[in-house]
file protein21.pdb (PDB, C-alpha atoms and all ligand atoms)
ATOM      1  CA  MET A  25     -43.815  10.567  33.949
ATOM      2  CA  ARG A  26     -40.438   9.762  32.357
ATOM      3  CA  PRO A  27     -40.669   7.800  29.117
ATOM      4  CA  GLU A  28     -39.555   4.192  29.420
ATOM      5  CA  ILE A  29     -36.576   3.315  27.251
ATOM      6  CA  ILE A  30     -36.741  -0.213  25.929
ATOM      7  CA  LEU A  31     -33.408  -1.606  24.830
ATOM      8  CA  GLY A  32     -34.411  -4.206  22.303
ATOM      9  CA  GLU A  33     -32.285  -6.471  20.130
ATOM     10  CA  PRO A  34     -30.263  -4.670  17.464
ATOM     11  CA  GLY A  35     -32.409  -4.037  14.403
ATOM     12  CA  LEU A  36     -32.186  -6.091  11.244
ATOM     13  CA  GLU A  37     -30.374  -3.267   9.426
ATOM     14  CA  SER A  38     -27.607  -2.938  12.037
ATOM     15  CA  ARG A  39     -27.172  -6.728  12.102
ATOM     16  CA  ARG A  40     -26.868  -6.721   8.317
ATOM     17  CA  ILE A  41     -24.222  -3.970   8.445
ATOM     18  CA  ASN A  42     -22.375  -5.851  11.180
ATOM     19  CA  LEU A  43     -22.358  -9.051   9.151
ATOM     20  CA  GLN A  44     -21.158  -7.177   6.055
ATOM     21  CA  ARG A  45     -18.286  -5.642   8.082
ATOM     22  CA  ARG A  46     -17.269  -9.079   9.322
ATOM     23  CA  ILE A  47     -17.281 -10.489   5.775
ATOM     24  CA  VAL A  48     -15.159  -7.589   4.443
ATOM     25  CA  ALA A  49     -12.721  -8.106   7.363
ATOM     26  CA  GLN A  50     -12.194 -11.679   6.177
ATOM     27  CA  PHE A  51     -11.131 -10.439   2.737
ATOM     28  CA  ARG A  52      -8.890  -7.768   4.319
ATOM     29  CA  LYS A  53      -7.038 -10.281   6.493
ATOM     30  CA  PRO A  54      -8.475 -13.804   6.390
ATOM     31  CA  HIS A  55      -8.186 -15.882   9.560
ATOM     32  CA  GLY A  56      -9.873 -18.845  11.244
ATOM     33  CA  LEU A  57     -12.731 -20.836   9.781
ATOM     34  CA  ALA A  58     -14.414 -17.847   8.108
ATOM     35  CA  GLY A  59     -11.043 -16.918   6.591
ATOM     36  CA  THR A  60     -10.715 -20.429   5.179
ATOM     37  CA  LEU A  61     -14.105 -19.947   3.521
ATOM     38  CA  ALA A  62     -13.050 -16.534   2.145
ATOM     39  CA  GLY A  63      -9.854 -18.147   0.784
ATOM     40  CA  TRP A  64     -11.892 -20.917  -0.819
ATOM     41  CA  ILE A  65     -14.102 -18.337  -2.550
ATOM     42  CA  MET A  66     -11.024 -16.468  -3.857
ATOM     43  CA  ALA A  67      -9.496 -19.704  -5.149
ATOM     44  CA  ASN A  68     -12.662 -21.010  -6.816
ATOM     45  CA  ARG A  69     -14.816 -18.122  -7.988
ATOM     46  CA  ALA A  70     -14.558 -18.047 -11.798
ATOM     47  CA  SER A  71     -14.679 -14.231 -11.945
ATOM     48  CA  ASN A  72     -11.779 -13.966  -9.475
ATOM     49  CA  ILE A  73      -9.663 -16.379 -11.512
ATOM     50  CA  ALA A  74     -10.486 -14.448 -14.708
ATOM     51  CA  ARG A  75      -9.691 -11.101 -13.024
ATOM     52  CA  ASN A  76      -6.302 -12.374 -11.851
ATOM     53  CA  LYS A  77      -5.496 -13.755 -15.337
ATOM     54  CA  TRP A  78      -6.458 -10.440 -16.919
ATOM     55  CA  THR A  79      -4.245  -8.527 -14.470
ATOM     56  CA  VAL A  80      -1.218 -10.778 -15.017
ATOM     57  CA  GLY A  81      -1.854 -10.641 -18.780
ATOM     58  CA  LEU A  82      -1.309  -6.872 -18.595
ATOM     59  CA  LEU A  83       2.246  -7.403 -17.298
ATOM     60  CA  SER A  84       4.980  -7.359 -19.921
ATOM     61  CA  LEU A  85       7.084 -10.198 -18.574
ATOM     62  CA  ALA A  86      10.476 -10.672 -20.234
ATOM     63  CA  PRO A  87      12.267 -14.041 -19.781
ATOM     64  CA  GLY A  88      13.659 -14.378 -16.252
ATOM     65  CA  ALA A  89      11.463 -11.575 -14.877
ATOM     66  CA  ARG A  90      11.285 -11.108 -11.100
ATOM     67  CA  VAL A  91       7.717 -10.384 -10.038
ATOM     68  CA  LEU A  92       6.075  -9.393  -6.741
ATOM     69  CA  GLU A  93       2.409  -9.976  -5.978
ATOM     70  CA  ILE A  94       1.101  -7.944  -3.043
ATOM     71  CA  GLY A  95      -1.798  -9.644  -1.230
ATOM     72  CA  CYS A  96      -1.468 -12.971  -3.036
ATOM     73  CA  GLY A  97      -4.270 -14.630  -1.006
ATOM     74  CA  PRO A  98      -4.484 -18.372  -1.758
ATOM     75  CA  GLY A  99      -2.284 -17.952  -4.861
ATOM     76  CA  ILE A 100      -4.489 -17.499  -7.949
ATOM     77  CA  GLY A 101      -2.408 -14.618  -9.331
ATOM     78  CA  LEU A 102       0.724 -16.672  -8.621
ATOM     79  CA  ASP A 103      -0.746 -19.474 -10.810
ATOM     80  CA  ALA A 104      -1.003 -17.021 -13.694
ATOM     81  CA  VAL A 105       2.576 -15.723 -13.304
ATOM     82  CA  LEU A 106       4.117 -19.180 -12.896
ATOM     83  CA  SER A 107       2.413 -20.442 -16.035
ATOM     84  CA  ALA A 108       3.207 -17.298 -18.069
ATOM     85  CA  ALA A 109       6.886 -18.233 -18.570
ATOM     86  CA  ALA A 110       9.050 -21.110 -17.351
ATOM     87  CA  ASP A 111      11.823 -19.015 -15.845
ATOM     88  CA  THR A 112       9.816 -16.289 -14.082
ATOM     89  CA  HIS A 113      10.511 -15.923 -10.365
ATOM     90  CA  VAL A 114       7.696 -14.645  -8.193
ATOM     91  CA  THR A 115       7.407 -13.428  -4.599
ATOM     92  CA  GLY A 116       3.965 -13.713  -3.008
ATOM     93  CA  LEU A 117       3.388 -11.309  -0.116
ATOM     94  CA  ASP A 118       0.386 -11.475   2.208
ATOM     95  CA  HIS A 119      -0.115 -10.342   5.799
ATOM     96  CA  SER A 120      -2.460 -13.262   6.498
ATOM     97  CA  GLU A 121      -0.658 -16.368   7.813
ATOM     98  CA  LEU A 122      -3.635 -18.437   6.724
ATOM     99  CA  MET A 123      -3.376 -17.231   3.104
ATOM    100  CA  ILE A 124       0.391 -17.850   3.031
ATOM    101  CA  THR A 125      -0.256 -21.425   4.233
ATOM    102  CA  LYS A 126      -2.890 -21.954   1.515
ATOM    103  CA  ALA A 127      -0.605 -20.481  -1.190
ATOM    104  CA  ALA A 128       2.288 -22.704   0.001
ATOM    105  CA  LYS A 129       0.103 -25.806  -0.243
ATOM    106  CA  ARG A 130      -1.114 -24.853  -3.704
ATOM    107  CA  HIS A 131       2.386 -24.086  -5.001
ATOM    108  CA  ALA A 132       4.502 -26.740  -3.257
ATOM    109  CA  ASN A 133       6.333 -27.544  -6.519
ATOM    110  CA  ALA A 134       7.192 -23.944  -7.362
ATOM    111  CA  LEU A 135       8.561 -23.544  -3.815
ATOM    112  CA  LYS A 136      10.577 -26.753  -4.173
ATOM    113  CA  PHE A 137      12.104 -25.584  -7.464
ATOM    114  CA  CYS A 138      12.795 -22.087  -6.035
ATOM    115  CA  ARG A 139      10.552 -20.300  -8.540
ATOM    116  CA  LEU A 140       8.439 -18.932  -5.717
ATOM    117  CA  GLU A 141       9.108 -17.235  -2.410
ATOM    118  CA  LEU A 142       6.277 -16.575   0.044
ATOM    119  CA  VAL A 143       6.515 -13.799   2.617
ATOM    120  CA  CYS A 144       4.040 -13.273   5.444
ATOM    121  CA  GLY A 145       3.872  -9.529   6.047
ATOM    122  CA  GLU A 146       3.397  -6.177   4.369
ATOM    123  CA  LEU A 147       5.459  -4.173   1.910
ATOM    124  CA  THR A 148       7.349  -2.543   4.810
ATOM    125  CA  ASN A 149       8.575  -6.023   5.804
ATOM    126  CA  LEU A 150      10.369  -6.655   2.494
ATOM    127  CA  GLN A 151      14.071  -5.866   2.383
ATOM    128  CA  SER A 152      14.507  -2.554   0.576
ATOM    129  CA  GLY A 153      15.535  -2.197  -3.062
ATOM    130  CA  GLN A 154      14.459  -5.673  -4.261
ATOM    131  CA  GLY A 155      14.672  -4.672  -7.935
ATOM    132  CA  PHE A 156      11.490  -6.312  -9.206
ATOM    133  CA  ASN A 157      10.634  -6.118 -12.911
ATOM    134  CA  ALA A 158       6.943  -6.046 -12.064
ATOM    135  CA  ILE A 159       4.725  -5.542  -9.022
ATOM    136  CA  PHE A 160       1.022  -6.310  -9.174
ATOM    137  CA  SER A 161      -2.043  -6.789  -6.985
ATOM    138  CA  CYS A 162      -5.668  -7.724  -7.417
ATOM    139  CA  ASN A 163      -8.367  -6.355  -5.103
ATOM    140  CA  VAL A 164      -5.918  -5.511  -2.312
ATOM    141  CA  LEU A 165      -4.953  -1.846  -2.362
ATOM    142  CA  GLN A 166      -8.368  -0.615  -1.214
ATOM    143  CA  PHE A 167      -7.250  -2.034   2.166
ATOM    144  CA  VAL A 168      -4.010  -0.014   2.357
ATOM    145  CA  ASP A 169      -4.309   2.851   4.847
ATOM    146  CA  ASP A 170      -1.396   5.110   3.882
ATOM    147  CA  ARG A 171      -1.291   5.039   0.097
ATOM    148  CA  LYS A 172       1.460   7.648  -0.185
ATOM    149  CA  VAL A 173       3.873   5.609   1.947
ATOM    150  CA  PHE A 174       2.814   2.427   0.156
ATOM    151  CA  LEU A 175       3.414   3.824  -3.351
ATOM    152  CA  THR A 176       6.796   5.288  -2.397
ATOM    153  CA  LEU A 177       7.867   1.854  -1.136
ATOM    154  CA  ALA A 178       6.507   0.097  -4.241
ATOM    155  CA  HIS A 179       8.375   2.574  -6.458
ATOM    156  CA  ASN A 180      11.617   1.831  -4.563
ATOM    157  CA  HIS A 181      11.168  -1.919  -4.991
ATOM    158  CA  LEU A 182      10.882  -1.643  -8.796
ATOM    159  CA  LYS A 183      13.773  -1.582 -11.242
ATOM    160  CA  THR A 184      13.912   1.436 -13.551
ATOM    161  CA  GLY A 185      11.599   0.481 -16.419
ATOM    162  CA  GLY A 186       9.678  -1.868 -14.090
ATOM    163  CA  GLN A 187       5.896  -2.092 -14.233
ATOM    164  CA  PHE A 188       3.249  -1.561 -11.547
ATOM    165  CA  VAL A 189      -0.242  -2.965 -12.142
ATOM    166  CA  THR A 190      -3.194  -2.976  -9.779
ATOM    167  CA  THR A 191      -6.771  -4.111 -10.327
ATOM    168  CA  TYR A 192      -9.818  -3.076  -8.351
ATOM    169  CA  GLN A 193     -13.327  -4.441  -8.676
ATOM    170  CA  PRO A 194     -15.989  -2.905  -6.423
ATOM    171  CA  ARG A 195     -17.651  -5.571  -4.241
ATOM    172  CA  GLY A 196     -20.595  -5.703  -1.857
ATOM    173  CA  GLN A 197     -24.169  -4.460  -1.935
ATOM    174  CA  CYS A 198     -23.326  -0.772  -2.457
ATOM    175  CA  ALA A 199     -20.742  -1.457  -5.175
ATOM    176  CA  SER A 200     -21.110   0.477  -8.407
ATOM    177  CA  ALA A 201     -19.156   0.987 -11.617
ATOM    178  CA  ASP A 202     -19.029   4.734 -10.885
ATOM    179  CA  GLU A 203     -17.406   4.099  -7.524
ATOM    180  CA  GLY A 204     -14.827   1.865  -9.277
ATOM    181  CA  ARG A 205     -14.089   4.535 -11.889
ATOM    182  CA  SER A 206     -13.621   7.206  -9.285
ATOM    183  CA  TRP A 207     -11.390   4.906  -7.149
ATOM    184  CA  ILE A 208      -9.110   4.036 -10.058
ATOM    185  CA  SER A 209      -8.827   7.599 -11.337
ATOM    186  CA  GLN A 210      -7.777   8.768  -7.833
ATOM    187  CA  PHE A 211      -5.297   5.881  -7.740
ATOM    188  CA  ALA A 212      -3.875   6.890 -11.138
ATOM    189  CA  GLU A 213      -3.405  10.431  -9.821
ATOM    190  CA  ASP A 214      -1.630   9.075  -6.722
ATOM    191  CA  LEU A 215       0.685   6.995  -8.957
ATOM    192  CA  CYS A 216       1.736  10.184 -10.804
ATOM    193  CA  GLN A 217       2.303  11.972  -7.485
ATOM    194  CA  ALA A 218       4.517   9.094  -6.321
ATOM    195  CA  GLY A 219       6.765   9.485  -9.386
ATOM    196  CA  PHE A 220       5.385   6.734 -11.643
ATOM    197  CA  THR A 221       5.192   7.484 -15.379
ATOM    198  CA  ASP A 222       3.117   6.298 -18.387
ATOM    199  CA  VAL A 223       0.070   5.899 -16.148
ATOM    200  CA  ASP A 224      -2.864   4.271 -17.903
ATOM    201  CA  VAL A 225      -6.262   2.945 -16.800
ATOM    202  CA  GLN A 226      -8.188   0.010 -18.285
ATOM    203  CA  GLU A 227     -11.666  -1.329 -17.649
ATOM    204  CA  ARG A 228     -13.144  -4.764 -18.310
ATOM    205  CA  ASN A 229     -16.448  -6.409 -17.504
ATOM    206  CA  PHE A 230     -16.498  -9.457 -15.249
ATOM    207  CA  GLY A 231     -20.116 -10.463 -14.812
ATOM    208  CA  LYS A 232     -22.259  -7.526 -13.784
ATOM    209  CA  MET A 233     -19.473  -5.352 -12.420
ATOM    210  CA  PRO A 234     -16.474  -4.025 -14.343
ATOM    211  CA  ALA A 235     -12.951  -4.315 -12.960
ATOM    212  CA  PHE A 236     -10.551  -1.379 -13.236
ATOM    213  CA  CYS A 237      -6.828  -1.595 -13.668
ATOM    214  CA  ALA A 238      -4.123   1.053 -13.288
ATOM    215  CA  ILE A 239      -0.839   0.434 -15.088
ATOM    216  CA  ALA A 240       2.301   2.503 -14.550
ATOM    217  CA  MET A 241       6.054   2.409 -15.050
ATOM    218  CA  ARG A 242       8.990   3.389 -12.885
TER
HETATM  219  C1  LIG B 301      -9.568  -9.696  -1.369
HETATM  220  S1  LIG B 301      -8.158 -10.649  -1.038
HETATM  221  C2  LIG B 301      -7.497 -10.877  -2.708
HETATM  222  C3  LIG B 301      -6.511 -12.018  -2.788
HETATM  223  C4  LIG B 301      -5.916 -12.248  -4.190
HETATM  224  N1  LIG B 301      -5.222 -11.097  -4.651
HETATM  225  C5  LIG B 301      -7.003 -12.636  -5.159
HETATM  226  O1  LIG B 301      -7.381 -11.817  -6.014
HETATM  227  O2  LIG B 301      -7.472 -13.797  -5.085
HETATM  228  C6  LIG B 301      -7.018  -9.494  -0.329
HETATM  229  C7  LIG B 301      -5.743 -10.163   0.169
HETATM  230  O3  LIG B 301      -4.768  -9.147   0.428
HETATM  231  C8  LIG B 301      -4.202  -9.354   1.700
HETATM  232  N2  LIG B 301      -3.797  -8.019   2.185
HETATM  233  C9  LIG B 301      -4.616  -6.959   2.452
HETATM  234  N3  LIG B 301      -3.897  -5.880   2.807
HETATM  235  C10 LIG B 301      -2.598  -6.263   2.757
HETATM  236  C11 LIG B 301      -1.368  -5.591   3.022
HETATM  237  N4  LIG B 301      -1.341  -4.292   3.406
HETATM  238  N5  LIG B 301      -0.197  -6.264   2.888
HETATM  239  C12 LIG B 301      -0.223  -7.577   2.510
HETATM  240  N6  LIG B 301      -1.358  -8.275   2.263
HETATM  241  C13 LIG B 301      -2.529  -7.626   2.369
HETATM  242  C14 LIG B 301      -5.261 -10.057   2.521
HETATM  243  O4  LIG B 301      -4.715 -10.790   3.574
HETATM  244  C15 LIG B 301      -5.941 -10.933   1.466
HETATM  245  O5  LIG B 301      -5.340 -12.193   1.362
END

call {"tool": "encode", "arguments": {"input": "protein21.pdb", "output": "structure tokens", "more": "lines below"}}
Ligand SMILES: C[S@@+](CC[C@H](N)C(=O)[O-])C[C@H]1O[C@@H](n2cnc3c(N)ncnc32)[C@H](O)[C@@H]1O
result
Amino acid sequence: MRPEIILGEPGLESRRINLQRRIVAQFRKPHGLAGTLAGWIMANRASNIARNKWTVGLLSLAPGARVLEIGCGPGIGLDAVLSAAADTHVTGLDHSELMITKAAKRHANALKFCRLELVCGELTNLQSGQGFNAIFSCNVLQFVDDRKVFLTLAHNHLKTGGQFVTTYQPRGQCASADEGRSWISQFAEDLCQAGFTDVDVQERNFGKMPAFCAIAMR
């Protein structure tokens, strides 16, 4: 007799993994109602605000600096740049229309006074050779598929002497400080390969999990 195959409901473990994937997708490219919730978490979680402040604090911003934030989300990093100096100009780039709308609402004044430009898209969508003094991101570059292409573009968008800063904090149930350390050290190596100089790595605790930052110069 052939054994009977019973197709039951997906197990608890596969449902958990599925749910986790859907949550991560909302931080990769927020959209719809769940994306609004993800944006709210980014804008209100104290550790996220602190992480963005720390990252922006690592930028050496001279008066009149032109700054690019990649993956600005609802605009927490933009807050930190706009309040760092009165004459800084910042471009916020995000491929999520929803996040660009949230950032525009949050920073209506900066848009009105032309201190801020918001672009919906990816680095490839920016006009080449923008000559930024600084480019930064916070918990974004783990989502970039082709890092080599990305870093070459970022290098081209910086002025000579410009600064590149990226922060990564492992998230989720399987996150660990070791994973963060290994991610950032690979990233630092990739920065060197892409022609960046003075590459440095920093680590800081935010709650239970440290955040890791790579700093480099063009
Ligand atoms: C985890 S959120 C972090 C948002 C913000 N940096 C913060 O710390 O609050 C990642 C953001 O990067 C954006 N993003 C991811 N990959 C991107 C890419 N290749 N180009 C532009 N934006 C990207 C997502 O849409 C999302 O808003």

call {"tool": "closest_atom_pairs", "arguments": {"input": "protein21.pdb", "of": "chain A", "to": "ligand LIG 301 (chain B)", "cutoff": "7 Å", "atoms": "all atoms listed in the file", "output": "JSON lines"}}
result
{"residue": "A:Phe51", "atom": "CA", "partner": "B:LIG301", "partner_atom": "C1", "distance": 4.5}
{"residue": "A:Arg52", "atom": "CA", "partner": "B:LIG301", "partner_atom": "C14", "distance": 4.7}
{"residue": "A:Lys53", "atom": "CA", "partner": "B:LIG301", "partner_atom": "O4", "distance": 3.8}
{"residue": "A:Pro54", "atom": "CA", "partner": "B:LIG301", "partner_atom": "O4", "distance": 5.6}
{"residue": "A:Met66", "atom": "CA", "partner": "B:LIG301", "partner_atom": "O2", "distance": 4.6}
{"residue": "A:Ala67", "atom": "CA", "partner": "B:LIG301", "partner_atom": "O2", "distance": 6.2}
{"residue": "A:Asn72", "atom": "CA", "partner": "B:LIG301", "partner_atom": "O1", "distance": 6.0}
{"residue": "A:Asn76", "atom": "CA", "partner": "B:LIG301", "partner_atom": "O1", "distance": 6.0}
{"residue": "A:Ile94", "atom": "CA", "partner": "B:LIG301", "partner_atom": "C12", "distance": 5.7}
{"residue": "A:Gly95", "atom": "CA", "partner": "B:LIG301", "partner_atom": "O3", "distance": 3.4}
{"residue": "A:Cys96", "atom": "CA", "partner": "B:LIG301", "partner_atom": "N1", "distance": 4.5}
{"residue": "A:Gly97", "atom": "CA", "partner": "B:LIG301", "partner_atom": "O5", "distance": 3.6}
{"residue": "A:Pro98", "atom": "CA", "partner": "B:LIG301", "partner_atom": "O2", "distance": 6.4}
{"residue": "A:Gly99", "atom": "CA", "partner": "B:LIG301", "partner_atom": "O2", "distance": 6.7}
{"residue": "A:Ile100", "atom": "CA", "partner": "B:LIG301", "partner_atom": "O2", "distance": 5.6}
{"residue": "A:Gly101", "atom": "CA", "partner": "B:LIG301", "partner_atom": "N1", "distance": 6.5}
{"residue": "A:Leu117", "atom": "CA", "partner": "B:LIG301", "partner_atom": "C12", "distance": 5.8}
{"residue": "A:Asp118", "atom": "CA", "partner": "B:LIG301", "partner_atom": "N6", "distance": 3.6}
{"residue": "A:His119", "atom": "CA", "partner": "B:LIG301", "partner_atom": "N6", "distance": 4.3}
{"residue": "A:Ser120", "atom": "CA", "partner": "B:LIG301", "partner_atom": "O4", "distance": 4.4}
{"residue": "A:Met123", "atom": "CA", "partner": "B:LIG301", "partner_atom": "O5", "distance": 5.7}
{"residue": "A:Gly145", "atom": "CA", "partner": "B:LIG301", "partner_atom": "C12", "distance": 5.8}
{"residue": "A:Glu146", "atom": "CA", "partner": "B:LIG301", "partner_atom": "N5", "distance": 3.9}
{"residue": "A:Leu147", "atom": "CA", "partner": "B:LIG301", "partner_atom": "N5", "distance": 6.1}
{"residue": "A:Ser161", "atom": "CA", "partner": "B:LIG301", "partner_atom": "N1", "distance": 5.8}
{"residue": "A:Cys162", "atom": "CA", "partner": "B:LIG301", "partner_atom": "N1", "distance": 4.4}
{"residue": "A:Asn163", "atom": "CA", "partner": "B:LIG301", "partner_atom": "C1", "distance": 5.2}
{"residue": "A:Val164", "atom": "CA", "partner": "B:LIG301", "partner_atom": "C6", "distance": 4.6}
{"residue": "A:Leu165", "atom": "CA", "partner": "B:LIG301", "partner_atom": "N3", "distance": 6.6}
{"residue": "A:Phe167", "atom": "CA", "partner": "B:LIG301", "partner_atom": "N3", "distance": 5.1}
{"residue": "A:Val168", "atom": "CA", "partner": "B:LIG301", "partner_atom": "N4", "distance": 5.2}

call {"tool": "atom_distance", "arguments": {"input": "protein21.pdb", "atom1": "atom CA of A:Lys77", "atom2": "atom CA of A:Ala178"}}
result
21.4 Å

call {"tool": "residues_around", "arguments": {"input": "protein21.pdb", "residues": "A:Val114", "least_positions_apart": "2", "cutoff": "9 Å", "atoms": "all atoms listed in the file", "output": "count of residues only"}}
result
14

call {"tool": "residues_around", "arguments": {"input": "protein21.pdb", "residues": "A:Thr60", "least_positions_apart": "2", "cutoff": "10 Å", "atoms": "all atoms listed in the file", "output": "PyMOL selection string"}}
result
chain A and resi 50+54-58+62-66+98+122-123+126

call {"tool": "residues_around", "arguments": {"input": "protein21.pdb", "residues": "A:Ser84", "least_positions_apart": "4", "cutoff": "9 Å", "atoms": "all atoms listed in the file", "output": "ChimeraX atom specification"}}
result
/A:80,158,187

call {"tool": "atom_distance", "arguments": {"input": "protein21.pdb", "atom1": "atom CA of A:Pro194", "atom2": "atom CA of A:Trp207"}}
result
9.1 Å

call {"tool": "closest_residue", "arguments": {"input": "protein21.pdb", "among": "A:Asn133, A:Asp224, A:Gln210, A:Met241", "to": "A:Leu182", "atoms": "all atoms listed in the file"}}
result
A:Met241

call {"tool": "atom_distance", "arguments": {"input": "protein21.pdb", "atom1": "atom CA of A:Gly153", "atom2": "atom CA of A:Leu177"}}
result
8.9 Å

call {"tool": "residues_near_point", "arguments": {"input": "protein21.pdb", "point": "(-14.3, -3.9, -3.9)", "cutoff": "9 Å", "atoms": "all atoms listed in the file", "output": "list in words"}}
result
Asn163, Val164, Gln166, Tyr192, Gln193, Pro194, Arg195, Gly196, Ala199 and Gly204 of chain A

call {"tool": "write_last_selection", "arguments": {"input": "protein21.pdb", "atoms": "C-alpha atoms", "output": "mmCIF file, in the frame of the given file"}}
result
data_model
loop_
_atom_site.group_PDB
_atom_site.id
_atom_site.type_symbol
_atom_site.label_atom_id
_atom_site.label_comp_id
_atom_site.auth_asym_id
_atom_site.auth_seq_id
_atom_site.Cartn_x
_atom_site.Cartn_y
_atom_site.Cartn_z
ATOM 1 C CA ASN A 163 -8.367 -6.355 -5.103
ATOM 2 C CA VAL A 164 -5.918 -5.511 -2.312
ATOM 3 C CA GLN A 166 -8.368 -0.615 -1.214
ATOM 4 C CA TYR A 192 -9.818 -3.076 -8.351
ATOM 5 C CA GLN A 193 -13.327 -4.441 -8.676
ATOM 6 C CA PRO A 194 -15.989 -2.905 -6.423
ATOM 7 C CA ARG A 195 -17.651 -5.571 -4.241
ATOM 8 C CA GLY A 196 -20.595 -5.703 -1.857
ATOM 9 C CA ALA A 199 -20.742 -1.457 -5.175
ATOM 10 C CA GLY A 204 -14.827 1.865 -9.277
#

call {"tool": "build_atoms", "arguments": {"input": "protein21.pdb", "residues": "stretch 198-210 of chain A", "atoms": "N, CA, C and O atoms", "output": "short mmCIF file (atom, residue, chain, number, x, y, z; two decimals), in the frame of the given file"}}
result
data_model
loop_
_atom_site.label_atom_id
_atom_site.label_comp_id
_atom_site.auth_asym_id
_atom_site.auth_seq_id
_atom_site.Cartn_x
_atom_site.Cartn_y
_atom_site.Cartn_z
N CYS A 198 -23.30 -2.17 -1.99
CA CYS A 198 -23.33 -0.77 -2.46
C CYS A 198 -22.34 -0.53 -3.60
O CYS A 198 -22.11 0.61 -3.99
N ALA A 199 -21.75 -1.62 -4.12
CA ALA A 199 -20.74 -1.46 -5.18
C ALA A 199 -21.37 -0.90 -6.44
O ALA A 199 -22.51 -1.22 -6.77
N SER A 200 -20.61 -0.03 -7.13
CA SER A 200 -21.11 0.48 -8.41
C SER A 200 -19.92 0.75 -9.32
O SER A 200 -18.80 0.98 -8.85
N ALA A 201 -20.21 0.72 -10.64
CA ALA A 201 -19.16 0.99 -11.62
C ALA A 201 -18.61 2.41 -11.44
O ALA A 201 -17.41 2.64 -11.57
N ASP A 202 -19.48 3.35 -11.08
CA ASP A 202 -19.03 4.73 -10.88
C ASP A 202 -18.03 4.84 -9.74
O ASP A 202 -17.05 5.57 -9.82
N GLU A 203 -18.33 4.09 -8.68
CA GLU A 203 -17.41 4.10 -7.52
C GLU A 203 -16.05 3.54 -7.96
O GLU A 203 -15.00 4.08 -7.62
N GLY A 204 -16.07 2.46 -8.77
CA GLY A 204 -14.83 1.86 -9.28
C GLY A 204 -14.04 2.84 -10.13
O GLY A 204 -12.82 2.98 -9.98
N ARG A 205 -14.75 3.55 -11.00
CA ARG A 205 -14.09 4.54 -11.89
C ARG A 205 -13.45 5.66 -11.07
O ARG A 205 -12.34 6.07 -11.35
N SER A 206 -14.17 6.10 -10.07
CA SER A 206 -13.62 7.21 -9.28
C SER A 206 -12.43 6.71 -8.44
O SER A 206 -11.44 7.41 -8.29
N TRP A 207 -12.51 5.47 -7.93
CA TRP A 207 -11.39 4.91 -7.15
C TRP A 207 -10.14 4.81 -8.01
O TRP A 207 -9.06 5.24 -7.63
N ILE A 208 -10.30 4.28 -9.23
CA ILE A 208 -9.11 4.04 -10.06
C ILE A 208 -8.53 5.35 -10.57
O ILE A 208 -7.32 5.48 -10.72
N SER A 209 -9.40 6.34 -10.82
CA SER A 209 -8.83 7.60 -11.34
C SER A 209 -8.07 8.32 -10.22
O SER A 209 -7.02 8.92 -10.46
N GLN A 210 -8.54 8.21 -8.97
CA GLN A 210 -7.78 8.77 -7.83
C GLN A 210 -6.45 8.02 -7.68
O GLN A 210 -5.40 8.60 -7.45
#
